[in-house]
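Undergrad: Data file structure03.cif (mmCIF, C-alpha atoms) is appended below.
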data_coords
loop_
_atom_site.label_atom_id
_atom_site.label_comp_id
_atom_site.auth_asym_id
_atom_site.auth_seq_id
_atom_site.Cartn_x
_atom_site.Cartn_y
_atom_site.Cartn_z
CA MET A 19 251.72 213.61 294.41
CA PRO A 20 249.08 216.24 295.33
CA ALA A 21 246.00 216.14 293.10
CA ASP A 22 242.33 217.08 293.06
CA LEU A 23 241.35 214.51 290.42
CA ALA A 24 242.10 210.85 289.75
CA VAL A 25 241.24 209.35 286.37
CA LEU A 26 241.00 205.56 286.55
CA GLY A 27 241.62 204.06 283.12
CA LEU A 28 244.03 205.77 280.72
CA GLY A 29 242.60 204.86 277.35
CA HIS A 30 240.68 206.73 274.66
CA THR A 31 238.31 208.30 277.24
CA GLY A 32 240.51 208.68 280.31
CA LEU A 33 243.59 210.35 278.85
CA PRO A 34 241.68 213.12 277.01
CA LEU A 35 239.73 213.81 280.22
CA ALA A 36 242.99 214.01 282.17
CA GLN A 37 244.40 216.31 279.50
CA ALA A 38 241.43 218.69 279.73
CA ALA A 39 241.61 218.74 283.53
CA THR A 40 245.36 219.39 283.55
CA ALA A 41 244.94 222.19 281.02
CA ALA A 42 242.24 223.70 283.27
CA GLY A 43 244.69 223.83 286.17
CA ILE A 44 243.25 220.85 288.05
CA GLY A 45 245.89 218.72 289.72
CA THR A 46 245.39 215.35 288.06
CA ILE A 47 246.74 211.84 288.44
CA GLY A 48 246.02 208.90 286.20
CA TYR A 49 245.60 205.41 287.63
CA ASP A 50 246.11 202.19 285.72
CA PRO A 51 246.83 198.79 287.33
CA ASP A 52 249.28 197.91 284.55
CA PRO A 53 252.79 199.21 285.43
CA ALA A 54 253.84 198.96 281.77
CA VAL A 55 251.04 201.34 280.70
CA VAL A 56 252.02 203.73 283.49
CA ALA A 57 255.70 203.62 282.56
CA ASP A 58 254.94 204.31 278.90
CA ILE A 59 252.72 207.29 279.68
CA ASN A 60 255.18 208.83 282.14
CA ALA A 61 257.89 208.41 279.50
CA GLY A 62 255.76 210.30 276.97
CA ARG A 63 254.77 207.27 274.91
CA VAL A 64 251.13 207.66 273.88
CA PRO A 65 248.68 204.73 273.78
CA PRO A 66 247.12 204.38 270.29
CA GLY A 67 243.92 206.31 269.69
CA THR A 68 244.25 208.68 272.64
CA LEU A 69 246.34 211.84 272.26
CA ALA A 70 249.10 213.31 270.16
CA ALA A 71 252.58 212.94 271.61
CA ALA A 72 252.90 216.72 271.99
CA GLU A 73 249.68 216.83 274.01
CA LEU A 74 250.95 214.19 276.40
CA ARG A 75 254.25 216.06 276.79
CA ARG A 76 252.36 219.22 277.72
CA MET A 77 250.32 217.25 280.29
CA LEU A 78 253.47 215.88 281.88
CA ALA A 79 255.02 219.34 281.91
CA GLY A 80 251.83 220.59 283.61
CA GLY A 81 252.26 218.15 286.49
CA PHE A 82 250.23 215.17 285.33
CA ARG A 83 251.55 211.76 286.34
CA ALA A 84 250.31 208.22 285.95
CA THR A 85 250.58 205.64 288.71
CA SER A 86 249.70 202.03 289.49
CA ASP A 87 249.66 202.69 293.25
CA PRO A 88 246.03 202.73 294.45
CA ALA A 89 247.01 204.51 297.67
CA VAL A 90 247.07 207.84 295.83
CA LEU A 91 243.33 207.49 295.18
CA GLY A 92 242.70 208.43 298.79
CA ARG A 93 244.15 211.92 298.26
CA VAL A 94 241.72 213.24 295.66
CA ARG A 95 238.36 214.99 295.84
CA THR A 96 237.04 213.59 292.55
CA ALA A 97 237.57 210.17 290.95
CA VAL A 98 236.35 209.41 287.43
CA ILE A 99 236.28 205.80 286.23
CA CYS A 100 236.98 205.54 282.49
CA ALA A 101 237.69 201.80 282.38
CA PRO A 102 237.13 200.01 279.06
CA THR A 103 234.02 197.85 278.61
CA PRO A 104 234.63 195.82 275.44
CA LEU A 105 232.18 193.29 274.08
CA GLY A 106 232.83 189.75 275.25
CA GLU A 107 232.32 186.58 273.23
CA ASP A 108 228.70 186.51 274.38
CA HIS A 109 228.24 190.07 272.98
CA ALA A 110 227.74 191.40 276.52
CA LEU A 111 229.84 194.24 277.92
CA ASP A 112 232.84 193.05 279.90
CA LEU A 113 232.75 194.94 283.21
CA THR A 114 235.97 193.40 284.56
CA ALA A 115 237.99 196.61 284.31
CA ILE A 116 235.24 198.62 286.05
CA ALA A 117 235.21 196.10 288.90
CA ALA A 118 239.00 196.30 289.27
CA ALA A 119 238.91 200.11 289.33
CA ALA A 120 236.06 200.12 291.85
CA ARG A 121 237.85 197.76 294.20
CA ALA A 122 241.06 199.79 293.99
CA LEU A 123 239.08 202.93 294.81
CA ALA A 124 237.00 201.35 297.58
CA GLY A 125 240.03 200.52 299.66
CA HIS A 126 241.21 204.13 299.78
CA LEU A 127 238.09 206.27 299.30
CA ARG A 128 237.74 209.12 301.76
CA PRO A 129 234.48 210.80 302.80
CA HIS A 130 232.96 213.52 300.58
CA THR A 131 234.75 212.31 297.45
CA THR A 132 232.80 212.58 294.18
CA VAL A 133 232.93 209.35 292.16
CA VAL A 134 231.78 209.41 288.52
CA LEU A 135 231.54 206.54 286.04
CA GLU A 136 232.10 207.44 282.37
CA SER A 137 232.48 203.98 280.84
CA ALA A 138 229.87 202.76 278.35
CA VAL A 139 227.41 200.62 280.34
CA HIS A 140 223.78 199.51 280.39
CA PRO A 141 221.27 201.50 282.47
CA GLY A 142 221.40 200.38 286.08
CA THR A 143 225.12 199.62 286.18
CA THR A 144 226.13 202.59 288.34
CA GLU A 145 223.58 201.81 291.04
CA GLU A 146 223.43 198.03 290.88
CA TYR A 147 226.98 197.04 289.99
CA LEU A 148 229.41 199.86 290.78
CA ARG A 149 227.79 201.11 293.97
CA PRO A 150 228.03 197.82 295.94
CA LEU A 151 231.67 197.38 294.92
CA ILE A 152 232.66 200.80 296.22
CA GLU A 153 230.48 200.57 299.32
CA ALA A 154 232.36 197.40 300.26
CA GLY A 155 235.03 199.79 301.55
CA GLY A 156 232.66 200.96 304.29
CA LEU A 157 231.36 204.29 302.98
CA ARG A 158 227.80 204.72 301.72
CA ALA A 159 226.91 206.37 298.40
CA GLY A 160 224.69 209.42 298.75
CA ARG A 161 225.61 209.76 302.42
CA ASP A 162 229.40 209.51 302.75
CA PHE A 163 230.42 210.06 299.12
CA HIS A 164 228.80 211.30 295.92
CA LEU A 165 228.12 208.86 293.07
CA ALA A 166 227.11 209.80 289.53
CA TYR A 167 227.26 208.74 285.89
CA SER A 168 228.35 210.89 282.94
CA PRO A 169 228.48 209.41 279.44
CA GLY A 170 231.75 209.85 277.56
CA ARG A 171 231.08 211.86 274.42
CA LEU A 172 234.46 212.59 272.88
CA ASP A 173 234.96 212.04 269.16
CA PRO A 174 238.60 210.94 268.79
CA GLY A 175 240.57 213.11 266.40
CA ASN A 176 237.79 215.68 265.99
CA ARG A 177 239.47 219.04 266.55
CA ASP A 178 236.22 220.96 266.08
CA PHE A 179 234.74 219.57 269.29
CA PRO A 180 237.19 219.47 272.19
CA LEU A 181 235.84 218.40 275.57
CA SER A 182 235.22 222.00 276.59
CA HIS A 183 232.75 222.45 273.69
CA ILE A 184 230.79 219.25 274.34
CA PRO A 185 227.96 219.53 276.91
CA LYS A 186 228.45 217.08 279.78
CA VAL A 187 225.43 215.08 280.92
CA VAL A 188 225.45 214.09 284.61
CA GLY A 189 223.04 212.03 286.66
CA GLY A 190 223.65 211.44 290.36
CA LEU A 191 222.32 208.93 292.85
CA THR A 192 220.83 211.88 294.80
CA PRO A 193 220.31 215.55 293.89
CA ALA A 194 223.40 216.36 295.96
CA CYS A 195 225.40 213.77 293.98
CA THR A 196 224.26 215.36 290.73
CA GLU A 197 225.30 218.82 291.89
CA ALA A 198 228.70 217.56 293.05
CA ALA A 199 229.38 216.00 289.66
CA ALA A 200 228.05 219.10 287.88
CA ALA A 201 230.38 221.31 289.92
CA PHE A 202 233.35 219.25 288.79
CA TYR A 203 232.45 219.14 285.09
CA SER A 204 231.61 222.85 285.02
CA ARG A 205 235.36 223.40 285.41
CA LEU A 206 235.94 221.56 282.12
CA SER A 207 232.88 222.10 279.95
CA GLU A 208 230.97 225.19 278.88
CA ARG A 209 227.66 223.49 279.65
CA VAL A 210 226.49 220.82 282.08
CA VAL A 211 223.15 219.07 281.51
CA ARG A 212 221.53 217.45 284.55
CA ALA A 213 219.70 214.15 284.03
CA ARG A 214 217.06 212.90 286.45
CA GLY A 215 219.42 210.24 287.75
CA PRO A 216 222.20 207.81 286.80
CA ARG A 217 219.87 205.50 284.84
CA GLU A 218 218.74 208.34 282.60
CA ALA A 219 222.35 209.43 282.07
CA GLU A 220 223.33 205.84 281.23
CA ALA A 221 220.43 205.62 278.79
CA VAL A 222 221.77 208.75 277.06
CA LYS A 223 224.89 206.75 276.17
CA LEU A 224 222.74 203.87 274.94
CA LEU A 225 220.65 206.20 272.76
CA GLU A 226 223.61 208.11 271.29
CA THR A 227 225.68 205.00 270.55
CA ASN A 228 222.84 203.02 269.02
CA TYR A 229 221.72 206.04 266.97
CA ARG A 230 225.10 205.92 265.22
CA HIS A 231 225.01 202.19 264.58
CA VAL A 232 221.42 202.11 263.34
CA ASN A 233 221.94 204.98 260.90
CA ILE A 234 225.21 203.57 259.57
CA ALA A 235 223.41 200.26 259.07
CA PHE A 236 220.74 202.00 257.00
CA ALA A 237 223.42 203.71 254.92
CA ASN A 238 225.10 200.32 254.39
CA GLU A 239 221.82 198.76 253.26
CA MET A 240 221.34 201.68 250.88
CA ALA A 241 224.82 201.04 249.48
CA VAL A 242 223.94 197.45 248.58
CA TYR A 243 220.53 198.47 247.24
CA CYS A 244 221.90 201.30 245.08
CA HIS A 245 224.72 199.15 243.72
CA ASP A 246 222.21 196.54 242.57
CA LEU A 247 220.18 199.28 240.82
CA GLY A 248 223.20 200.97 239.27
CA VAL A 249 222.54 204.14 241.31
CA ASP A 250 225.40 206.33 242.59
CA LEU A 251 224.67 206.39 246.34
CA TRP A 252 227.34 209.00 247.02
CA ASP A 253 225.57 211.41 244.67
CA VAL A 254 222.28 210.57 246.41
CA ILE A 255 223.79 211.46 249.79
CA ARG A 256 225.33 214.65 248.39
CA CYS A 257 221.93 215.80 247.25
CA ALA A 258 219.99 214.61 250.30
CA GLU A 259 222.22 216.40 252.80
CA THR A 260 221.23 219.76 251.31
CA LYS A 261 217.88 219.37 253.08
CA PRO A 262 218.09 221.84 255.98
CA PHE A 263 215.86 219.88 258.37
CA GLY A 264 214.87 216.33 259.23
CA PHE A 265 217.96 214.67 257.71
CA GLN A 266 221.47 213.92 258.92
CA ALA A 267 223.89 212.35 256.48
CA PHE A 268 225.48 209.02 257.42
CA ARG A 269 227.80 207.25 255.00
CA PRO A 270 228.35 203.57 254.34
CA GLY A 271 231.65 201.82 254.79
CA PRO A 272 233.34 198.43 255.10
CA GLY A 273 232.08 198.03 258.68
CA VAL A 274 231.72 199.92 261.95
CA GLY A 275 234.76 200.15 264.19
CA GLY A 276 235.65 202.16 267.25
CA HIS A 277 235.17 201.83 270.98
CA ALA A 278 231.48 202.83 271.00
CA VAL A 279 229.99 199.36 270.66
CA PRO A 280 226.24 198.88 270.16
CA LEU A 281 224.38 198.40 273.43
CA ASP A 282 221.78 195.67 273.10
CA PRO A 283 219.38 195.19 276.06
CA ASN A 284 219.28 191.47 275.18
CA ALA A 285 222.88 191.31 276.40
CA ALA A 286 222.29 193.42 279.53
CA PRO A 287 223.62 191.70 282.65
CA HIS A 288 221.53 190.53 285.59
CA PHE A 289 222.82 192.27 288.69
CA ALA A 290 221.93 189.66 291.30
CA THR A 291 223.55 189.00 294.65
CA GLY A 292 226.88 187.27 294.23
CA THR A 293 227.17 187.81 290.47
CA GLY A 294 229.75 189.99 288.79
CA GLY A 295 231.02 191.26 292.11
CA GLY A 296 227.92 193.37 292.73
CA THR A 297 225.12 192.91 295.22
CA GLY A 298 222.36 194.84 293.49
CA ARG A 299 218.79 193.62 293.25
CA PRO A 300 217.98 191.16 290.47
CA ARG A 301 216.41 192.45 287.31
CA THR A 302 215.57 191.21 283.85
CA PRO A 303 216.84 192.73 280.61
CA GLY A 304 214.74 195.47 279.09
CA HIS A 305 212.56 195.11 276.03
CA PRO A 306 214.78 194.10 273.10
CA LEU A 307 215.69 196.90 270.73
CA ARG A 308 214.99 195.15 267.44
CA MET A 309 216.45 198.03 265.41
CA VAL A 310 219.76 197.58 267.23
CA GLU A 311 219.73 193.83 266.65
CA LEU A 312 219.12 194.38 262.94
CA ALA A 313 221.76 197.11 262.75
CA GLN A 314 224.35 194.77 264.26
CA GLU A 315 223.40 192.13 261.70
CA VAL A 316 223.61 194.55 258.77
CA ASN A 317 226.89 196.15 259.84
CA GLY A 318 228.36 192.74 260.65
CA ARG A 319 227.74 191.66 257.04
CA MET A 320 229.70 194.52 255.48
CA PRO A 321 233.21 193.00 255.59
CA ARG A 322 231.88 189.92 253.77
CA TYR A 323 230.11 192.16 251.24
CA VAL A 324 233.31 194.11 250.59
CA VAL A 325 235.16 190.86 249.86
CA GLN A 326 232.36 189.78 247.51
CA ARG A 327 232.60 193.09 245.67
CA ALA A 328 236.37 192.72 245.44
CA ALA A 329 236.05 189.23 243.97
CA ALA A 330 233.39 190.39 241.49
CA LEU A 331 235.51 193.37 240.38
CA LEU A 332 238.50 191.13 239.75
CA ASN A 333 236.31 188.64 237.90
CA GLU A 334 234.96 191.40 235.64
CA HIS A 335 238.56 192.00 234.54
CA GLY A 336 239.37 188.34 233.97
CA LYS A 337 241.15 187.74 237.26
CA SER A 338 240.53 185.43 240.18
CA LEU A 339 240.69 186.44 243.81
CA ARG A 340 242.76 183.33 244.52
CA GLY A 341 246.34 184.30 243.92
CA ALA A 342 245.49 187.97 243.34
CA ARG A 343 247.76 190.63 244.83
CA VAL A 344 245.54 192.85 247.00
CA LEU A 345 246.72 196.11 248.56
CA LEU A 346 244.70 197.30 251.58
CA LEU A 347 244.82 201.05 252.20
CA GLY A 348 244.09 202.19 255.76
CA VAL A 349 243.61 199.54 258.46
CA THR A 350 242.55 201.79 261.36
CA TYR A 351 238.93 202.28 262.38
CA LYS A 352 238.94 206.02 261.78
CA ALA A 353 240.73 208.38 259.42
CA ASP A 354 243.95 210.00 260.63
CA LEU A 355 244.13 207.97 263.85
CA ALA A 356 246.34 205.04 264.82
CA ASP A 357 243.53 203.26 266.71
CA GLN A 358 242.58 199.87 265.25
CA GLU A 359 239.82 199.07 267.78
CA GLY A 360 237.07 197.19 265.95
CA ALA A 361 238.41 198.15 262.51
CA PRO A 362 236.79 196.02 259.77
CA ALA A 363 240.15 195.75 257.99
CA ARG A 364 241.15 192.71 260.04
CA GLU A 365 238.07 190.67 259.13
CA ILE A 366 238.33 191.74 255.50
CA GLY A 367 242.02 190.79 255.46
CA THR A 368 241.22 187.45 257.08
CA ARG A 369 238.54 186.60 254.53
CA LEU A 370 240.76 187.64 251.62
CA MET A 371 243.65 185.57 252.93
CA GLU A 372 241.42 182.53 253.48
CA LEU A 373 240.25 182.83 249.86
CA GLY A 374 243.84 182.74 248.61
CA ALA A 375 244.63 186.43 248.05
CA GLN A 376 248.17 187.69 248.59
CA LEU A 377 247.93 190.69 250.90
CA CYS A 378 250.01 193.75 251.50
CA TYR A 379 248.92 196.93 253.23
CA HIS A 380 249.70 200.59 253.68
CA ASP A 381 248.78 202.81 256.59
CA PRO A 382 250.82 205.84 257.69
CA TYR A 383 249.76 205.23 261.31
CA VAL A 384 250.36 201.48 261.55
CA PRO A 385 253.99 200.34 261.17
CA GLN A 386 253.16 196.63 261.63
CA TRP A 387 249.98 194.65 261.00
CA ARG A 388 249.05 191.00 261.36
CA VAL A 389 246.24 188.83 260.05
CA LEU A 390 245.65 185.26 261.26
CA ASP A 391 248.81 185.64 263.34
CA HIS A 392 250.84 186.23 260.19
CA PRO A 393 252.63 189.54 259.53
CA VAL A 394 251.26 191.30 256.45
CA PRO A 395 253.93 193.00 254.31
CA ARG A 396 253.82 196.79 254.51
CA ALA A 397 254.17 198.67 251.24
CA ASP A 398 257.22 200.94 251.32
CA SER A 399 256.28 202.80 248.13
CA LEU A 400 252.55 203.38 247.89
CA TRP A 401 252.65 204.24 244.20
CA GLU A 402 254.64 201.16 243.25
CA ALA A 403 252.49 198.90 245.41
CA ALA A 404 249.28 200.23 243.84
CA ALA A 405 250.68 199.74 240.34
CA ASP A 406 251.81 196.21 241.16
CA ALA A 407 248.61 195.06 242.94
CA ASP A 408 245.81 193.42 240.98
CA LEU A 409 243.39 195.25 243.27
CA THR A 410 243.77 198.20 245.62
CA LEU A 411 241.12 198.31 248.32
CA LEU A 412 240.59 201.64 250.12
CA LEU A 413 239.31 200.85 253.62
CA GLN A 414 240.17 204.11 255.36
CA HIS A 415 240.60 207.54 253.81
CA HIS A 416 243.60 209.09 255.55
CA ARG A 417 244.24 212.67 254.50
CA THR A 418 247.74 211.81 253.31
CA TYR A 419 246.36 209.67 250.49
CA ASP A 420 246.33 211.27 247.04
CA LEU A 421 243.35 209.35 245.75
CA GLN A 422 243.31 210.96 242.32
CA GLY A 423 246.90 209.87 241.79
CA LEU A 424 246.21 206.42 243.22
CA ALA A 425 243.23 205.98 240.93
CA VAL A 426 245.56 206.56 237.97
CA LYS A 427 248.32 204.27 239.27
CA ALA A 428 246.16 201.38 240.50
CA GLN A 429 245.20 198.58 238.13
CA LEU A 430 241.84 198.33 239.92
CA LEU A 431 240.64 200.47 242.83
CA LEU A 432 237.64 199.66 245.04
CA ASP A 433 236.74 202.64 247.23
CA THR A 434 234.66 201.70 250.29
CA ARG A 435 234.55 205.29 251.58
CA GLY A 436 233.24 207.22 248.58
CA ALA A 437 236.37 209.39 248.68
CA THR A 438 237.46 209.16 245.04
CA PRO A 439 235.96 211.36 242.31
CA ALA A 440 232.97 209.88 240.51
CA GLY A 441 234.12 207.55 237.75
CA ALA A 442 237.71 207.33 238.99
CA ALA A 443 237.20 204.03 240.80
CA ALA A 444 234.63 201.41 241.68
CA ARG A 445 232.81 202.61 244.80
CA LEU A 446 230.91 200.72 247.48
#
Would it be possible to restate this file's structure as structure tokens?
TA:
Amino acid sequence: MPADLAVLGLGHTGLPLAQAATAAGIGTIGYDPDPAVVADINAGRVPPGTLAAAELRRMLAGGFRATSDPAVLGRVRTAVICAPTPLGEDHALDLTAIAAAARALAGHLRPHTTVVLESAVHPGTTEEYLRPLIEAGGLRAGRDFHLAYSPGRLDPGNRDFPLSHIPKVVGGLTPACTEAAAAFYSRLSERVVRARGPREAEAVKLLETNYRHVNIAFANEMAVYCHDLGVDLWDVIRCAETKPFGFQAFRPGPGVGGHAVPLDPNAAPHFATGTGGGTGRPRTPGHPLRMVELAQEVNGRMPRYVVQRAAALLNEHGKSLRGARVLLLGVTYKADLADQEGAPAREIGTRLMELGAQLCYHDPYVPQWRVLDHPVPRADSLWEAAADADLTLLLQHHRTYDLQGLAVKAQLLLDTRGATPAGAAARL
């Protein structure tokens, strides 16, 4: 299986990177320790929230293959780690998958290989956590192999910004490491931006991710504020975004989903000898980002607020939430994608069910859906389900939804995305 590139981790970051590399004529293999994931990909079955089936078929036709055999990692010139780093119960990033990828790579790494980490991590992770794990194989970063960090920046489902049109930020352990990583990414992206080092590149991810969460939180607070005043927030945003400078429009919603979790320095790990598999020097977390803490609190309240609005809307029409038939429209975290990672629909569905509502759902991308370990009935006929439900709750605006028609059919419609025409439905 000859290849120039190995992508470790075949999720929402890794598979698109492998696709871009394969399309650019770079011999690419994908590594995942789970044989079931590998078998699905090689059979053309796409993991949710990654690629379209046709894109994966073209990759396979172009020579791409996935494998769970770490021995192939010793045959490549570049290895990019795209392992997931979800939030654990303590709200800290779980680096388990990075550690597993690093250990698999360390046992087969050959000299002069370029190793890049793309996973979302706190500043210091590449040097203090990843580096010792890979160096356990005997080679030294900056001397025997190149080590760098490059933040993943893809926007899933956004056709306007493929990887080639998104500048790639790279920061290496040494200037030579930076140049090695830049040389690789210049084959995929029109522009490469060099950071001073891996910590700066990691902090880019922290800044970009938290920028999104903080601004969505402000939009969510404005939604509550404007509702209390009887102000149409969606009209406010429409007017405000005409300002040609100093303003970027963010819109409220039922919560913030997706893989880009907020990075809070309060939850940054201590990389001390013998902890987490690394041997980096001890350090203390950075100064707490109070805006991020507050944004997490505000965004975390939105599912509960949506349920409160649903109950109030039913009450205004002489109905109780207990026993009400509630249709949830769109249970994915983003429009026109099958990915449910972090979608607020599950918490909203849980709260509604606990309060006695009878749920059903519709989502063109989700054939089965469960809440509290119970299967939720899927509406076969959207129009009939909306007419039958006491309340229809729009959680995600998929393009296939005819919202004008639904607004006519539904007994009550609560739009959490501001997608319906003004006056056609109650809006968040």
Undergrad: With a distance cut-off of 8 Å and all atoms listed in the file, select the neighbouring residues of segment 185-200 of chain A, excluding the residue or stretch itself and same-chain residues fewer than 4 positions from it, and output the selection as a compact mmCIF listing (two decimals) with C-alpha atoms, in the frame of the given file.
TA:
# COMPACT_ATOMS: atom_id res chain seq x y z
CA THR A 132 232.80 212.58 294.18
CA VAL A 133 232.93 209.35 292.16
CA VAL A 134 231.78 209.41 288.52
CA GLU A 145 223.58 201.81 291.04
CA ALA A 159 226.91 206.37 298.40
CA GLY A 160 224.69 209.42 298.75
CA HIS A 164 228.80 211.30 295.92
CA LEU A 165 228.12 208.86 293.07
CA ALA A 166 227.11 209.80 289.53
CA TYR A 167 227.26 208.74 285.89
CA SER A 168 228.35 210.89 282.94
CA PRO A 169 228.48 209.41 279.44
CA ARG A 171 231.08 211.86 274.42
CA SER A 204 231.61 222.85 285.02
CA SER A 207 232.88 222.10 279.95
CA GLU A 208 230.97 225.19 278.88
CA ARG A 209 227.66 223.49 279.65
CA VAL A 210 226.49 220.82 282.08
CA VAL A 211 223.15 219.07 281.51
CA ARG A 212 221.53 217.45 284.55
CA ALA A 213 219.70 214.15 284.03
CA ARG A 214 217.06 212.90 286.45
CA GLY A 215 219.42 210.24 287.75
CA PRO A 216 222.20 207.81 286.80
CA ARG A 217 219.87 205.50 284.84
CA GLU A 218 218.74 208.34 282.60
CA ALA A 219 222.35 209.43 282.07
Undergrad: If I take atom CA of Ala101 of chain A and atom CA of Met320 of chain A, how far is one from the other in Å, to one decimal?
TA: 29.0 Å
Undergrad: Within 10 Å of segment 50-71 of chain A, which residues of segment 78-193 of chain A come that close, and what is the closest atom pair and distance in Å for each? Count all atoms listed in the file and give it as a tab-separated table.
TA:
residue	atom	partner	partner_atom	distance
A:Leu78	CA	A:Asn60	CA	7.3
A:Phe82	CA	A:Asn60	CA	8.7
A:Arg83	CA	A:Asn60	CA	6.3
A:Ala84	CA	A:Val56	CA	5.4
A:Thr85	CA	A:Val56	CA	5.7
A:Ser86	CA	A:Pro51	CA	4.8
A:Asp87	CA	A:Pro51	CA	7.6
A:Pro88	CA	A:Pro51	CA	8.2
A:Ala101	CA	A:Asp50	CA	9.1
A:Ala115	CA	A:Pro51	CA	9.6
A:Ala118	CA	A:Pro51	CA	8.4
A:Ala119	CA	A:Pro51	CA	8.3
A:Ala122	CA	A:Pro51	CA	8.9
A:Pro174	CA	A:Gly67	CA	7.1
A:Gly175	CA	A:Gly67	CA	8.3
Undergrad: Suppose a student applies the PyMOL selection byres ((chain A and resi 120) around 9) to this structure; what residues should they get, written as a ChimeraX atom specification?
TA: /A:99,115-119,121-125,148-149,151-152
Undergrad: Can you measure atom CA of Leu373 of chain A to atom CA of Pro385 of chain A for me? One decimal in Å is fine.
TA: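 Pair atom CA of Leu373 of chain A / atom CA of Pro385 of chain A returns 25.0 Å.
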Undergrad: Which distance in Å separates atom CA of Ala79 of chain A and atom CA of Pro180 of chain A, to one decimal?
TA: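 Here the two named atoms are 20.3 Å from each other.
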Undergrad: Reconstruct segment 387-400 of chain A at the level of N, CA and C atoms, and format the result as a PDB file, in the frame of the given file.
TA:
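The new file part_6.pdb reads:
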ATOM      1  N   TRP A 387     251.371 195.130 261.003  1.00  0.00           N
ATOM      2  CA  TRP A 387     249.980 194.650 261.000  1.00  0.00           C
ATOM      3  C   TRP A 387     249.975 193.155 260.757  1.00  0.00           C
ATOM      4  N   ARG A 388     249.110 192.447 261.473  1.00  0.00           N
ATOM      5  CA  ARG A 388     249.050 191.000 261.360  1.00  0.00           C
ATOM      6  C   ARG A 388     247.615 190.547 261.078  1.00  0.00           C
ATOM      7  N   VAL A 389     247.509 189.472 260.326  1.00  0.00           N
ATOM      8  CA  VAL A 389     246.240 188.830 260.050  1.00  0.00           C
ATOM      9  C   VAL A 389     246.431 187.330 260.226  1.00  0.00           C
ATOM     10  N   LEU A 390     245.546 186.687 260.985  1.00  0.00           N
ATOM     11  CA  LEU A 390     245.650 185.260 261.260  1.00  0.00           C
ATOM     12  C   LEU A 390     247.027 184.909 261.845  1.00  0.00           C
ATOM     13  N   ASP A 391     247.518 185.813 262.689  1.00  0.00           N
ATOM     14  CA  ASP A 391     248.810 185.640 263.340  1.00  0.00           C
ATOM     15  C   ASP A 391     249.993 185.655 262.374  1.00  0.00           C
ATOM     16  N   HIS A 392     249.760 186.104 261.153  1.00  0.00           N
ATOM     17  CA  HIS A 392     250.840 186.230 260.190  1.00  0.00           C
ATOM     18  C   HIS A 392     251.100 187.713 259.901  1.00  0.00           C
ATOM     19  N   PRO A 393     252.361 188.143 259.880  1.00  0.00           N
ATOM     20  CA  PRO A 393     252.630 189.540 259.530  1.00  0.00           C
ATOM     21  C   PRO A 393     252.286 189.800 258.063  1.00  0.00           C
ATOM     22  N   VAL A 394     251.606 190.900 257.814  1.00  0.00           N
ATOM     23  CA  VAL A 394     251.260 191.300 256.450  1.00  0.00           C
ATOM     24  C   VAL A 394     252.320 192.287 255.973  1.00  0.00           C
ATOM     25  N   PRO A 395     252.901 192.072 254.797  1.00  0.00           N
ATOM     26  CA  PRO A 395     253.930 193.000 254.310  1.00  0.00           C
ATOM     27  C   PRO A 395     253.384 194.420 254.183  1.00  0.00           C
ATOM     28  N   ARG A 396     254.195 195.376 254.611  1.00  0.00           N
ATOM     29  CA  ARG A 396     253.820 196.790 254.510  1.00  0.00           C
ATOM     30  C   ARG A 396     254.466 197.385 253.269  1.00  0.00           C
ATOM     31  N   ALA A 397     253.668 198.065 252.462  1.00  0.00           N
ATOM     32  CA  ALA A 397     254.170 198.670 251.240  1.00  0.00           C
ATOM     33  C   ALA A 397     255.064 199.852 251.576  1.00  0.00           C
ATOM     34  N   ASP A 398     256.299 199.814 251.091  1.00  0.00           N
ATOM     35  CA  ASP A 398     257.220 200.940 251.320  1.00  0.00           C
ATOM     36  C   ASP A 398     256.881 202.096 250.385  1.00  0.00           C
ATOM     37  N   SER A 399     256.644 201.783 249.125  1.00  0.00           N
ATOM     38  CA  SER A 399     256.280 202.800 248.130  1.00  0.00           C
ATOM     39  C   SER A 399     254.818 202.587 247.758  1.00  0.00           C
ATOM     40  N   LEU A 400     253.982 203.521 248.140  1.00  0.00           N
ATOM     41  CA  LEU A 400     252.550 203.380 247.890  1.00  0.00           C
ATOM     42  C   LEU A 400     252.248 203.321 246.405  1.00  0.00           C
TER      43      LEU A 400
END
